[in-house]
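Just data-v8.tsv here, TSV, C-alpha atoms and all ligand atoms:
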```tsv
chain	number	residue	atom	x	y	z
U	203	MET	CA	-0.95	-14.55	-52.03
U	204	ILE	CA	-0.76	-16.41	-48.67
U	205	GLN	CA	1.93	-18.71	-50.09
U	206	LYS	CA	3.92	-15.65	-51.15
U	207	PHE	CA	3.60	-14.15	-47.68
U	208	PHE	CA	4.90	-17.31	-46.01
U	209	ASN	CA	7.82	-17.44	-48.44
U	210	TRP	CA	8.61	-13.84	-47.56
U	211	LEU	CA	8.44	-14.65	-43.84
U	212	LYS	CA	11.24	-17.20	-44.38
U	213	GLN	CA	13.54	-14.54	-45.87
U	214	PRO	CA	15.96	-12.79	-43.43
U	215	LEU	CA	13.90	-9.59	-43.53
U	216	GLY	CA	10.72	-11.56	-42.93
U	217	LEU	CA	12.33	-13.35	-39.97
U	218	ILE	CA	13.36	-10.06	-38.44
U	219	ALA	CA	9.87	-8.64	-38.96
U	220	SER	CA	8.21	-11.67	-37.33
U	221	GLY	CA	10.72	-11.42	-34.47
U	222	ILE	CA	9.74	-7.81	-33.90
U	223	VAL	CA	6.00	-8.61	-34.02
U	224	PHE	CA	6.52	-11.51	-31.60
U	225	LEU	CA	8.49	-9.37	-29.11
U	226	ALA	CA	5.92	-6.58	-29.33
U	227	LEU	CA	3.11	-9.04	-28.56
U	228	VAL	CA	4.97	-10.60	-25.63
U	229	SER	CA	5.80	-7.24	-24.10
U	230	ALA	CA	2.21	-6.03	-24.58
U	231	VAL	CA	0.91	-9.07	-22.69
U	232	VAL	CA	3.53	-8.77	-19.95
U	233	TYR	CA	2.82	-5.03	-19.60
U	234	GLY	CA	-0.92	-5.77	-19.37
U	235	ILE	CA	-0.40	-8.27	-16.55
U	236	TRP	CA	1.97	-5.91	-14.75
U	237	ARG	CA	-0.49	-2.99	-15.07
U	238	THR	CA	-3.44	-4.82	-13.53
U	239	GLN	CA	-1.35	-5.75	-10.50
U	240	GLN	CA	-0.09	-2.23	-9.82
U	241	ALA	CA	-1.84	0.09	-7.41
U	242	PRO	CA	-3.15	3.09	-9.37
U	243	GLU	CA	-1.64	6.59	-9.29
U	244	GLN	CA	-3.33	8.24	-6.28
U	245	PRO	CA	-3.34	11.95	-5.33
U	246	ILE	CA	-1.50	10.98	-2.11
U	247	GLN	CA	0.57	7.86	-1.49
U	248	PHE	CA	-1.70	7.15	1.46
U	249	PRO	CA	0.07	4.61	3.69
U	250	HIS	CA	-2.56	2.16	4.98
U	251	LYS	CA	0.03	0.21	6.91
U	252	THR	CA	1.13	3.25	8.92
U	253	HIS	CA	-2.44	4.08	9.95
U	254	VAL	CA	-3.63	0.53	10.57
U	255	ASN	CA	-0.50	-0.38	12.54
U	256	PHE	CA	-0.95	2.83	14.54
U	257	GLY	CA	-4.24	1.27	15.72
U	258	ILE	CA	-6.81	3.25	13.72
U	259	GLN	CA	-9.80	1.00	12.96
U	260	CYS	CA	-10.92	0.35	9.38
U	261	LEU	CA	-14.43	1.43	10.35
U	262	TYR	CA	-13.17	4.76	11.70
U	263	CYS	CA	-12.26	5.71	8.13
U	264	HIS	CA	-14.72	3.49	6.25
U	265	PRO	CA	-17.81	3.51	8.55
U	266	GLY	CA	-20.28	2.83	5.72
U	267	ALA	CA	-19.14	-0.81	5.54
U	268	ALA	CA	-21.08	-1.74	8.66
U	269	ARG	CA	-24.13	0.34	7.77
U	270	GLY	CA	-24.88	-0.09	4.09
U	271	PRO	CA	-23.72	-0.81	0.55
U	272	ALA	CA	-20.62	1.41	0.29
U	273	ALA	CA	-17.77	1.60	2.77
U	274	GLY	CA	-16.89	5.20	1.82
U	275	ILE	CA	-13.56	7.03	1.64
U	276	PRO	CA	-12.78	9.48	4.48
U	277	SER	CA	-13.12	13.19	3.75
U	278	GLN	CA	-10.04	15.37	3.83
U	279	ALA	CA	-11.55	17.13	6.86
U	280	LYS	CA	-11.27	13.83	8.72
U	281	CYS	CA	-7.62	13.50	7.68
U	282	TRP	CA	-6.88	17.07	8.62
U	283	ALA	CA	-8.53	16.86	12.04
U	284	CYS	CA	-5.70	14.51	12.95
U	285	HIS	CA	-2.87	15.76	10.79
U	286	ASN	CA	-3.33	19.36	11.77
U	287	GLN	CA	-2.15	18.25	15.19
U	288	ILE	CA	0.69	15.90	14.27
U	289	VAL	CA	3.69	18.23	14.35
U	290	LYS	CA	6.12	15.60	13.16
U	291	THR	CA	4.49	15.18	9.73
U	292	ARG	CA	2.98	18.65	9.32
U	293	ASP	CA	5.57	19.67	6.76
U	294	SER	CA	5.93	16.26	5.12
U	295	ALA	CA	6.03	16.39	1.31
U	296	LEU	CA	3.72	13.35	1.30
U	297	LEU	CA	1.05	15.44	3.01
U	298	ALA	CA	1.44	18.53	0.80
U	299	PRO	CA	-1.48	17.55	-1.51
U	300	LEU	CA	-3.72	17.19	1.57
U	301	LYS	CA	-2.77	20.61	2.86
U	302	ASP	CA	-3.31	22.16	-0.61
U	303	ALA	CA	-6.73	20.53	-0.85
U	304	VAL	CA	-7.79	21.72	2.59
U	305	LEU	CA	-6.57	25.29	1.99
U	306	SER	CA	-8.04	25.58	-1.52
U	307	GLY	CA	-11.29	23.76	-0.69
U	308	LYS	CA	-10.77	21.34	-3.61
U	309	SER	CA	-11.36	17.64	-3.07
U	310	LEU	CA	-8.81	14.89	-3.43
U	311	GLU	CA	-9.81	12.58	-6.29
U	312	TRP	CA	-9.07	9.03	-5.11
U	313	VAL	CA	-9.01	6.41	-7.86
U	314	PRO	CA	-11.25	3.39	-7.05
U	315	VAL	CA	-9.46	0.10	-6.57
U	316	ALA	CA	-12.08	-2.32	-5.26
U	317	ILE	CA	-14.96	-2.01	-7.67
U	318	VAL	CA	-17.57	-4.17	-9.41
U	319	PRO	CA	-19.52	-3.13	-12.54
U	320	ASP	CA	-22.70	-1.04	-12.18
U	321	PHE	CA	-24.98	-3.97	-13.03
U	322	VAL	CA	-23.81	-5.80	-9.88
U	323	HIS	CA	-25.32	-4.88	-6.53
U	324	PHE	CA	-22.80	-5.45	-3.81
U	325	ASN	CA	-23.69	-4.51	-0.25
U	326	HIS	CA	-21.14	-4.49	2.57
U	327	ARG	CA	-23.65	-4.70	5.39
U	328	PRO	CA	-24.84	-8.35	5.17
U	329	HIS	CA	-21.21	-9.46	4.85
U	330	ILE	CA	-20.06	-7.62	7.95
U	331	ALA	CA	-23.22	-8.78	9.77
U	332	ALA	CA	-22.35	-12.39	8.82
U	333	GLY	CA	-18.94	-11.95	10.47
U	334	LYS	CA	-16.78	-11.56	7.36
U	335	ASN	CA	-13.55	-9.65	7.94
U	336	CYS	CA	-12.39	-6.85	5.68
U	337	GLU	CA	-9.22	-8.87	5.22
U	338	GLU	CA	-11.02	-11.81	3.58
U	339	CYS	CA	-11.92	-9.66	0.59
U	340	HIS	CA	-9.37	-6.84	0.67
U	341	GLY	CA	-6.23	-8.56	1.86
U	342	ASP	CA	-3.88	-7.62	4.66
U	343	MET	CA	-3.89	-3.82	4.85
U	344	THR	CA	-1.23	-3.79	7.55
U	345	LYS	CA	1.24	-4.48	4.74
U	346	VAL	CA	0.14	-2.19	1.91
U	347	THR	CA	0.76	1.44	1.19
U	348	VAL	CA	-1.68	2.40	-1.56
U	349	ALA	CA	-4.70	0.05	-1.54
U	350	GLN	CA	-4.60	-2.80	-4.08
U	351	ASN	CA	-6.99	-5.60	-4.99
U	352	PRO	CA	-5.68	-8.97	-3.81
U	353	GLN	CA	-7.92	-10.69	-6.43
U	354	ASP	CA	-10.20	-9.88	-9.35
U	355	MET	CA	-13.70	-9.40	-7.97
U	356	THR	CA	-15.37	-11.68	-10.50
U	357	MET	CA	-18.73	-13.45	-10.37
U	358	GLY	CA	-16.89	-16.74	-9.75
U	359	TRP	CA	-15.19	-15.23	-6.72
U	360	CYS	CA	-18.54	-14.12	-5.21
U	361	LEU	CA	-20.26	-17.43	-6.00
U	362	ASN	CA	-17.45	-19.61	-4.62
U	363	CYS	CA	-17.70	-17.98	-1.23
U	364	HIS	CA	-21.52	-17.98	-1.30
U	365	ILE	CA	-21.65	-21.70	-2.06
U	366	LYS	CA	-19.09	-22.42	0.66
U	367	ASN	CA	-21.05	-20.37	3.20
U	368	ALA	CA	-24.42	-21.92	2.35
U	369	GLY	CA	-23.09	-25.39	3.18
U	370	ASP	CA	-25.98	-27.85	3.45
U	371	ASP	CA	-28.61	-25.13	3.86
U	372	GLN	CA	-30.58	-25.48	0.57
U	373	GLU	CA	-32.69	-22.40	1.14
U	374	LYS	CA	-29.61	-20.28	1.72
U	375	LEU	CA	-27.86	-21.80	-1.29
U	376	VAL	CA	-30.79	-20.86	-3.54
U	377	LYS	CA	-30.85	-17.30	-2.22
U	378	LEU	CA	-27.10	-16.73	-2.38
U	379	THR	CA	-26.77	-18.08	-5.93
U	380	ASP	CA	-29.97	-16.56	-7.35
U	381	CYS	CA	-29.17	-14.19	-10.23
U	382	GLY	CA	-31.55	-11.62	-8.72
U	383	THR	CA	-29.55	-11.48	-5.49
U	384	CYS	CA	-26.68	-9.70	-7.26
U	385	HIS	CA	-28.29	-8.49	-10.51
U	386	TYR	CA	-31.57	-6.54	-10.45
H	401	LIG	C1	-6.56	9.32	13.75
H	401	LIG	C2	-5.45	10.10	13.23
H	401	LIG	C3	-5.16	10.09	11.74
H	401	LIG	C4	-6.02	10.27	10.71
H	401	LIG	C5	-7.53	10.45	10.77
H	401	LIG	C6	-5.24	10.27	9.50
H	401	LIG	N1	-3.92	10.09	9.80
H	401	LIG	FE1	-2.35	10.09	8.45
H	401	LIG	N2	-1.07	9.62	9.95
H	401	LIG	C7	-1.40	9.51	11.28
H	401	LIG	C8	-0.21	9.12	12.03
H	401	LIG	C9	-0.16	8.90	13.54
H	401	LIG	C10	0.84	9.02	11.10
H	401	LIG	C11	2.30	8.64	11.38
H	401	LIG	C12	3.04	9.85	11.82
H	401	LIG	C13	4.45	9.45	12.17
H	401	LIG	O1	5.21	9.10	11.26
H	401	LIG	O2	4.77	9.48	13.37
H	401	LIG	C14	0.28	9.35	9.80
H	401	LIG	C15	1.00	9.39	8.62
H	401	LIG	C16	0.50	9.80	7.39
H	401	LIG	C17	1.27	9.97	6.18
H	401	LIG	C18	2.77	9.74	6.04
H	401	LIG	C19	3.49	11.03	6.32
H	401	LIG	C20	4.99	10.86	6.24
H	401	LIG	O3	5.67	11.88	6.01
H	401	LIG	O4	5.47	9.74	6.39
H	401	LIG	C21	0.40	10.38	5.19
H	401	LIG	C22	0.73	10.69	3.75
H	401	LIG	C23	-0.92	10.46	5.79
H	401	LIG	N3	-0.81	10.11	7.13
H	401	LIG	C24	-2.07	10.83	5.11
H	401	LIG	C25	-3.34	10.82	5.67
H	401	LIG	C26	-4.55	11.04	4.91
H	401	LIG	C27	-4.61	11.37	3.43
H	401	LIG	C28	-5.59	10.90	5.78
H	401	LIG	C29	-7.05	10.96	5.49
H	401	LIG	C30	-7.55	9.99	4.53
H	401	LIG	C31	-5.03	10.61	7.09
H	401	LIG	N4	-3.66	10.55	6.97
H	401	LIG	C32	-5.78	10.43	8.24
H	401	LIG	C33	-2.64	9.73	11.85
H	401	LIG	C34	-3.82	9.97	11.16
H	402	LIG	C1	-6.88	6.85	8.35
H	402	LIG	C2	-7.92	6.40	7.46
H	402	LIG	C3	-7.96	4.99	6.93
H	402	LIG	C4	-7.90	3.80	7.66
H	402	LIG	C5	-7.68	3.60	9.15
H	402	LIG	C6	-8.14	2.74	6.71
H	402	LIG	N1	-8.31	3.28	5.45
H	402	LIG	FE1	-8.75	2.26	3.75
H	402	LIG	N2	-8.60	3.95	2.64
H	402	LIG	C7	-8.32	5.21	3.14
H	402	LIG	C8	-8.10	6.13	2.04
H	402	LIG	C9	-7.77	7.61	2.14
H	402	LIG	C10	-8.29	5.38	0.85
H	402	LIG	C11	-8.15	5.88	-0.60
H	402	LIG	C12	-6.69	5.76	-1.04
H	402	LIG	C13	-6.30	4.42	-1.59
H	402	LIG	O1	-7.10	3.80	-2.30
H	402	LIG	O2	-5.16	3.97	-1.30
H	402	LIG	C14	-8.60	4.03	1.27
H	402	LIG	C15	-8.86	2.98	0.39
H	402	LIG	C16	-9.22	1.70	0.80
H	402	LIG	C17	-9.64	0.66	-0.10
H	402	LIG	C18	-9.77	0.78	-1.59
H	402	LIG	C19	-11.00	1.58	-1.87
H	402	LIG	C20	-11.32	1.83	-3.29
H	402	LIG	O3	-11.48	3.00	-3.65
H	402	LIG	O4	-11.46	0.90	-4.08
H	402	LIG	C21	-9.91	-0.45	0.66
H	402	LIG	C22	-10.40	-1.79	0.17
H	402	LIG	C23	-9.63	-0.09	2.03
H	402	LIG	N3	-9.23	1.22	2.08
H	402	LIG	C24	-9.77	-0.95	3.09
H	402	LIG	C25	-9.36	-0.67	4.39
H	402	LIG	C26	-9.30	-1.65	5.45
H	402	LIG	C27	-9.70	-3.09	5.31
H	402	LIG	C28	-8.83	-1.00	6.57
H	402	LIG	C29	-8.51	-1.58	7.93
H	402	LIG	C30	-7.59	-2.70	7.96
H	402	LIG	C31	-8.63	0.40	6.19
H	402	LIG	N4	-8.94	0.54	4.87
H	402	LIG	C32	-8.20	1.40	7.05
H	402	LIG	C33	-8.26	5.54	4.49
H	402	LIG	C34	-8.19	4.64	5.54
H	403	LIG	C1	-17.38	-10.14	1.10
H	403	LIG	C2	-16.31	-9.33	0.62
H	403	LIG	C3	-16.05	-7.99	1.27
H	403	LIG	C4	-15.85	-7.71	2.61
H	403	LIG	C5	-15.94	-8.66	3.78
H	403	LIG	C6	-15.54	-6.31	2.69
H	403	LIG	N1	-15.55	-5.75	1.43
H	403	LIG	FE1	-15.10	-3.83	0.94
H	403	LIG	N2	-15.60	-4.19	-1.00
H	403	LIG	C7	-15.99	-5.42	-1.51
H	403	LIG	C8	-16.42	-5.27	-2.89
H	403	LIG	C9	-16.94	-6.37	-3.79
H	403	LIG	C10	-16.26	-3.89	-3.20
H	403	LIG	C11	-16.63	-3.19	-4.51
H	403	LIG	C12	-18.03	-2.63	-4.32
H	403	LIG	C13	-18.61	-1.85	-5.46
H	403	LIG	O1	-17.95	-1.60	-6.47
H	403	LIG	O2	-19.79	-1.48	-5.33
H	403	LIG	C14	-15.72	-3.24	-1.99
H	403	LIG	C15	-15.41	-1.90	-1.89
H	403	LIG	C16	-14.81	-1.33	-0.76
H	403	LIG	C17	-14.34	0.06	-0.69
H	403	LIG	C18	-14.37	1.10	-1.79
H	403	LIG	C19	-15.70	1.51	-2.27
H	403	LIG	C20	-16.72	1.79	-1.22
H	403	LIG	O3	-17.44	0.85	-0.85
H	403	LIG	O4	-16.86	2.92	-0.74
H	403	LIG	C21	-13.84	0.24	0.57
H	403	LIG	C22	-13.25	1.52	1.14
H	403	LIG	C23	-14.02	-1.01	1.30
H	403	LIG	N3	-14.61	-1.94	0.44
H	403	LIG	C24	-13.67	-1.20	2.62
H	403	LIG	C25	-14.03	-2.31	3.36
H	403	LIG	C26	-13.85	-2.42	4.80
H	403	LIG	C27	-13.27	-1.35	5.72
H	403	LIG	C28	-14.33	-3.66	5.16
H	403	LIG	C29	-14.42	-4.26	6.55
H	403	LIG	C30	-15.18	-3.48	7.53
H	403	LIG	C31	-14.77	-4.33	3.94
H	403	LIG	N4	-14.59	-3.48	2.89
H	403	LIG	C32	-15.26	-5.63	3.87
H	403	LIG	C33	-15.98	-6.62	-0.83
H	403	LIG	C34	-15.85	-6.75	0.54
H	404	LIG	C1	-15.75	-14.15	1.61
H	404	LIG	C2	-17.04	-14.66	1.26
H	404	LIG	C3	-17.96	-13.84	0.37
H	404	LIG	C4	-17.64	-13.19	-0.79
H	404	LIG	C5	-16.29	-13.14	-1.49
H	404	LIG	C6	-18.85	-12.56	-1.25
H	404	LIG	N1	-19.88	-12.81	-0.38
H	404	LIG	FE1	-21.79	-12.09	-0.55
H	404	LIG	N2	-22.29	-13.00	1.22
H	404	LIG	C7	-21.43	-13.76	1.99
H	404	LIG	C8	-22.12	-14.15	3.21
H	404	LIG	C9	-21.56	-15.03	4.32
H	404	LIG	C10	-23.42	-13.57	3.15
H	404	LIG	C11	-24.52	-13.64	4.20
H	404	LIG	C12	-25.32	-14.89	4.06
H	404	LIG	C13	-26.37	-14.96	5.14
H	404	LIG	O1	-27.41	-14.34	4.98
H	404	LIG	O2	-26.10	-15.65	6.13
H	404	LIG	C14	-23.49	-12.84	1.88
H	404	LIG	C15	-24.60	-12.15	1.45
H	404	LIG	C16	-24.69	-11.43	0.27
H	404	LIG	C17	-25.84	-10.70	-0.18
H	404	LIG	C18	-27.17	-10.57	0.58
H	404	LIG	C19	-28.06	-11.70	0.26
H	404	LIG	C20	-29.38	-11.52	0.95
H	404	LIG	O3	-30.33	-11.17	0.26
H	404	LIG	O4	-29.44	-11.70	2.15
H	404	LIG	C21	-25.53	-10.15	-1.40
H	404	LIG	C22	-26.42	-9.29	-2.27
H	404	LIG	C23	-24.17	-10.54	-1.70
H	404	LIG	N3	-23.69	-11.32	-0.66
H	404	LIG	C24	-23.50	-10.18	-2.84
H	404	LIG	C25	-22.15	-10.48	-3.10
H	404	LIG	C26	-21.44	-10.07	-4.30
H	404	LIG	C27	-22.02	-9.27	-5.44
H	404	LIG	C28	-20.16	-10.53	-4.16
H	404	LIG	C29	-18.99	-10.36	-5.09
H	404	LIG	C30	-18.72	-9.05	-5.64
H	404	LIG	C31	-20.08	-11.22	-2.88
H	404	LIG	N4	-21.31	-11.18	-2.28
H	404	LIG	C32	-18.93	-11.83	-2.41
H	404	LIG	C33	-20.13	-14.10	1.69
H	404	LIG	C34	-19.37	-13.61	0.62
H	405	LIG	C1	-23.09	-13.55	-5.75
H	405	LIG	C2	-23.32	-12.55	-6.75
H	405	LIG	C3	-23.72	-12.97	-8.16
H	405	LIG	C4	-24.70	-13.86	-8.51
H	405	LIG	C5	-25.61	-14.70	-7.61
H	405	LIG	C6	-24.76	-13.83	-9.96
H	405	LIG	N1	-23.83	-12.95	-10.44
H	405	LIG	FE1	-23.53	-12.49	-12.42
H	405	LIG	N2	-21.98	-11.24	-11.90
H	405	LIG	C7	-21.56	-10.99	-10.62
H	405	LIG	C8	-20.39	-10.12	-10.67
H	405	LIG	C9	-19.61	-9.60	-9.47
H	405	LIG	C10	-20.17	-9.83	-12.04
H	405	LIG	C11	-19.11	-8.89	-12.62
H	405	LIG	C12	-17.76	-9.49	-12.63
H	405	LIG	C13	-17.60	-10.48	-13.72
H	405	LIG	O1	-17.91	-10.17	-14.88
H	405	LIG	O2	-17.16	-11.60	-13.41
H	405	LIG	C14	-21.18	-10.56	-12.79
H	405	LIG	C15	-21.28	-10.55	-14.16
H	405	LIG	C16	-22.30	-11.16	-14.88
H	405	LIG	C17	-22.49	-11.06	-16.31
H	405	LIG	C18	-21.60	-10.29	-17.25
H	405	LIG	C19	-20.47	-11.17	-17.65
H	405	LIG	C20	-19.43	-10.44	-18.42
H	405	LIG	O3	-18.49	-11.14	-18.85
H	405	LIG	O4	-19.52	-9.22	-18.57
H	405	LIG	C21	-23.58	-11.79	-16.64
H	405	LIG	C22	-24.19	-11.98	-18.03
H	405	LIG	C23	-24.08	-12.38	-15.41
H	405	LIG	N3	-23.28	-11.97	-14.35
H	405	LIG	C24	-25.19	-13.22	-15.33
H	405	LIG	C25	-25.60	-13.85	-14.18
H	405	LIG	C26	-26.66	-14.89	-14.15
H	405	LIG	C27	-27.47	-15.33	-15.35
H	405	LIG	C28	-26.77	-15.28	-12.86
H	405	LIG	C29	-27.68	-16.36	-12.28
H	405	LIG	C30	-27.47	-17.70	-12.79
H	405	LIG	C31	-25.80	-14.52	-12.07
H	405	LIG	N4	-25.11	-13.69	-12.91
H	405	LIG	C32	-25.63	-14.62	-10.70
H	405	LIG	C33	-22.12	-11.50	-9.46
H	405	LIG	C34	-23.17	-12.41	-9.39
```

What's the structure tokens form of this structure?
Amino acid sequence: MIQKFFNWLKQPLGLIASGIVFLALVSAVVYGIWRTQQAPEQPIQFPHKTHVNFGIQCLYCHPGAARGPAAGIPSQAKCWACHNQIVKTRDSALLAPLKDAVLSGKSLEWVPVAIVPDFVHFNHRPHIAAGKNCEECHGDMTKVTVAQNPQDMTMGWCLNCHIKNAGDDQEKLVKLTDCGTCHY
């Protein structure tokens, strides 16, 4: 049976068929890699670079990062408080979904970008308290439009930084690499 199949593969038709299978596999892999590096489809192409370069602080829009586990995404009321007054962009097509949401009372559904699985407990607060910059984990937001992840947020990524930060402090090393610190 197997022998027969290999003989068939050597026939012209078989060669064409294997060629097609090979190309399909390659394009599936390439598409997969491309997908994971694309920013997701968001309700608004929110331009981080415009806002950050304008001088608006990260913590103005994501105040939870200094206070607790989640940084939070600003409400549309917060967006509108500003945009209601910016005449230049009031009729911008980019802002139309915001206006619709405010007028209809529906919420914008932002797609999460930076996320770890539910069984991992990440908390922003100790990181900000230890002097870590947003940029170290989220990349340079003065250059991006829709937020993207600069790296996969894997366990190895967390541990590498924890080990580096513990240095020679054994007690800290034990705490920052203990399974129960991130999984409980
Ligand atoms: C503190 C004020 C402020 C807040 C809050 C704010 N923006 Fe903006 N936004 C600006 C400024 C300033 C610009 C640039 C306007 C210009 O081009 O001169 C801008 C530009 C934009 C643009 C690009 C418009 C265009 O036509 O180029 C979009 C889209 C946008 N903001 C969406 C939002 C959303 C969504 C929120 C809420 C998450 C928000 N903004 C919150 C000040 C603000
Ligand atoms: C004017 C408000 C505003 C400012 C200022 C702002 N952001 Fe955001 N941020 C948003 C909005 C709205 C989203 C959701 C849209 C998106 O993911 O692109 C977001 C999404 C993000 C995300 C992805 C969140 C997720 O859902 O996974 C990260 C990370 C982030 N911001 C970091 C930053 C950092 C770091 C700064 C400062 C350099 C900053 N932001 C400044 C409004 C803001
Ligand atoms: C040590 C790395 C690290 C630093 C520093 C950091 N973040 Fe995050 N951030 C993460 C991780 C990990 C997640 C995913 C958390 C989750 O899924 O529970 C995240 C999620 C987010 C989100 C989306 C979900 C949420 O928490 O509401 C936003 C927005 C965000 N971060 C903004 C910021 C801002 C603003 C700063 C700086 C003030 C900052 N982060 C600093 C690692 C970091
Ligand atoms: C860029 C470096 C860096 C990365 C990446 C990072 N951390 Fe941390 N983490 C720190 C530092 C620094 C501290 C504070 C250590 C101290 O107490 O001095 C900390 C503290 C913590 C704490 C609090 C420990 C305690 O009990 O005091 C938790 C929980 C934690 N990190 C989870 C995570 C998780 C989960 C990830 C990955 C999703 C992560 N961290 C990624 C640097 C990092
Ligand atoms: C600094 C935070 C941190 C510490 C400490 C930590 N983990 Fe994790 N762990 C994570 C993150 C983040 C993920 C999810 C991302 C991933 O799968 O890489 C994860 C995922 C896992 C998974 C699921 C793997 C998978 O492929 O789905 C297991 C199992 C796990 N951890 C076990 C452990 C054990 C056992 C320890 C102690 C020796 C430990 N972790 C310590 C952050 C941590």

Selection within 10 Å of ligand LIG 404 (chain H) by only C-alpha atoms and all ligand atoms, output as a PyMOL selection string: chain U and resi 271+316-319+321-340+354-368+374-375+377-385

If you count only C-alpha atoms, which residues fall within 12 Å of range 285-295 of chain U, apart from same-chain ones fewer than 4 positions away, as an mmCIF file with C-alpha atoms, keeping the file's coordinate frame?
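Result went into around_25.cif, see below:
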```cif
data_model
loop_
_atom_site.group_PDB
_atom_site.id
_atom_site.type_symbol
_atom_site.label_atom_id
_atom_site.label_comp_id
_atom_site.auth_asym_id
_atom_site.auth_seq_id
_atom_site.Cartn_x
_atom_site.Cartn_y
_atom_site.Cartn_z
ATOM 1 C CA ILE U 246 -1.500 10.980 -2.110
ATOM 2 C CA GLN U 247 0.570 7.860 -1.490
ATOM 3 C CA HIS U 253 -2.440 4.080 9.950
ATOM 4 C CA GLN U 278 -10.040 15.370 3.830
ATOM 5 C CA ALA U 279 -11.550 17.130 6.860
ATOM 6 C CA LYS U 280 -11.270 13.830 8.720
ATOM 7 C CA CYS U 281 -7.620 13.500 7.680
ATOM 8 C CA PRO U 299 -1.480 17.550 -1.510
ATOM 9 C CA LEU U 300 -3.720 17.190 1.570
ATOM 10 C CA LYS U 301 -2.770 20.610 2.860
ATOM 11 C CA ASP U 302 -3.310 22.160 -0.610
ATOM 12 C CA VAL U 304 -7.790 21.720 2.590
ATOM 13 C CA LEU U 305 -6.570 25.290 1.990
#
```

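For the choices U:Gly341, U:Val376, U:Asn351, U:Val346, the atom-to-atom distance to Thr252 in chain U is smallest for U:Val346 when using all atoms listed in the file.
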
At most 8 Å is the cut-off: for each residue in chain U with any atom that close to an atom of ligand LIG 402 (chain H), write down the nearest atom pair and the distance in Å rounded to one decimal, counting all atoms listed in the file, chain first then increasing number, as a Markdown table.
```
| residue | atom | partner | partner_atom | distance |
| --- | --- | --- | --- | --- |
| U:Ala241 | CA | H:LIG402 | O2 | 8.0 |
| U:Gln244 | CA | H:LIG402 | C12 | 6.7 |
| U:Ile246 | CA | H:LIG402 | C12 | 7.4 |
| U:Gln247 | CA | H:LIG402 | O2 | 6.9 |
| U:Phe248 | CA | H:LIG402 | O2 | 5.4 |
| U:Pro249 | CA | H:LIG402 | O2 | 7.3 |
| U:His250 | CA | H:LIG402 | C6 | 5.9 |
| U:His253 | CA | H:LIG402 | C5 | 5.3 |
| U:Val254 | CA | H:LIG402 | C5 | 5.3 |
| U:Gly257 | CA | H:LIG402 | C5 | 7.8 |
| U:Ile258 | CA | H:LIG402 | C5 | 4.7 |
| U:Gln259 | CA | H:LIG402 | C5 | 5.1 |
| U:Cys260 | CA | H:LIG402 | C29 | 3.4 |
| U:Leu261 | CA | H:LIG402 | C32 | 7.1 |
| U:Tyr262 | CA | H:LIG402 | C5 | 6.2 |
| U:Cys263 | CA | H:LIG402 | C2 | 4.4 |
| U:His264 | CA | H:LIG402 | N1 | 6.5 |
| U:Gly274 | CA | H:LIG402 | C19 | 7.8 |
| U:Ile275 | CA | H:LIG402 | C8 | 5.5 |
| U:Pro276 | CA | H:LIG402 | C9 | 5.8 |
| U:Ser277 | CA | H:LIG402 | C9 | 7.9 |
| U:Cys281 | CA | H:LIG402 | C1 | 6.7 |
| U:Trp312 | CA | H:LIG402 | C11 | 5.6 |
| U:Val313 | CA | H:LIG402 | O3 | 6.0 |
| U:Pro314 | CA | H:LIG402 | O3 | 3.4 |
| U:Val315 | CA | H:LIG402 | O4 | 3.3 |
| U:Ala316 | CA | H:LIG402 | O4 | 3.5 |
| U:Ile317 | CA | H:LIG402 | O4 | 5.8 |
| U:Cys336 | CA | H:LIG402 | C27 | 4.6 |
| U:Glu337 | CA | H:LIG402 | C27 | 5.8 |
| U:His340 | CA | H:LIG402 | C22 | 5.2 |
| U:Gly341 | CA | H:LIG402 | C27 | 7.3 |
| U:Asp342 | CA | H:LIG402 | C30 | 7.0 |
| U:Met343 | CA | H:LIG402 | C30 | 5.0 |
| U:Thr344 | CA | H:LIG402 | C30 | 6.5 |
| U:Thr347 | CA | H:LIG402 | O2 | 6.9 |
| U:Val348 | CA | H:LIG402 | O2 | 3.8 |
| U:Ala349 | CA | H:LIG402 | O2 | 4.0 |
| U:Gln350 | CA | H:LIG402 | C18 | 6.8 |
| U:Asn351 | CA | H:LIG402 | C22 | 7.3 |
```

Can you tell me, as lines of an AutoDock Vina configuration file, the centre and edge lengths (Å, one decimal) of the axis-aligned box enclosing all of ligand LIG 405 (chain H)'s listed atoms after padding each side by 3 Å?
```
center_x = -22.4
center_y = -13.3
center_z = -12.3
size_x = 16.5
size_y = 14.8
size_z = 19.1
```

Selected residue, from U:Gln372, U:Tyr386, U:Lys251, U:Pro245, that lies nearest to Ala303 in chain U when counting all atoms listed in the file: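 Of the candidates, the smallest distance to Ala303 in chain U is held by U:Pro245.
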
Minimum-distance residue to ligand LIG 403 (chain H), chosen among U:Ser309, U:Gln353, U:Asn255, U:Gln213 (using all atoms listed in the file): U:Gln353
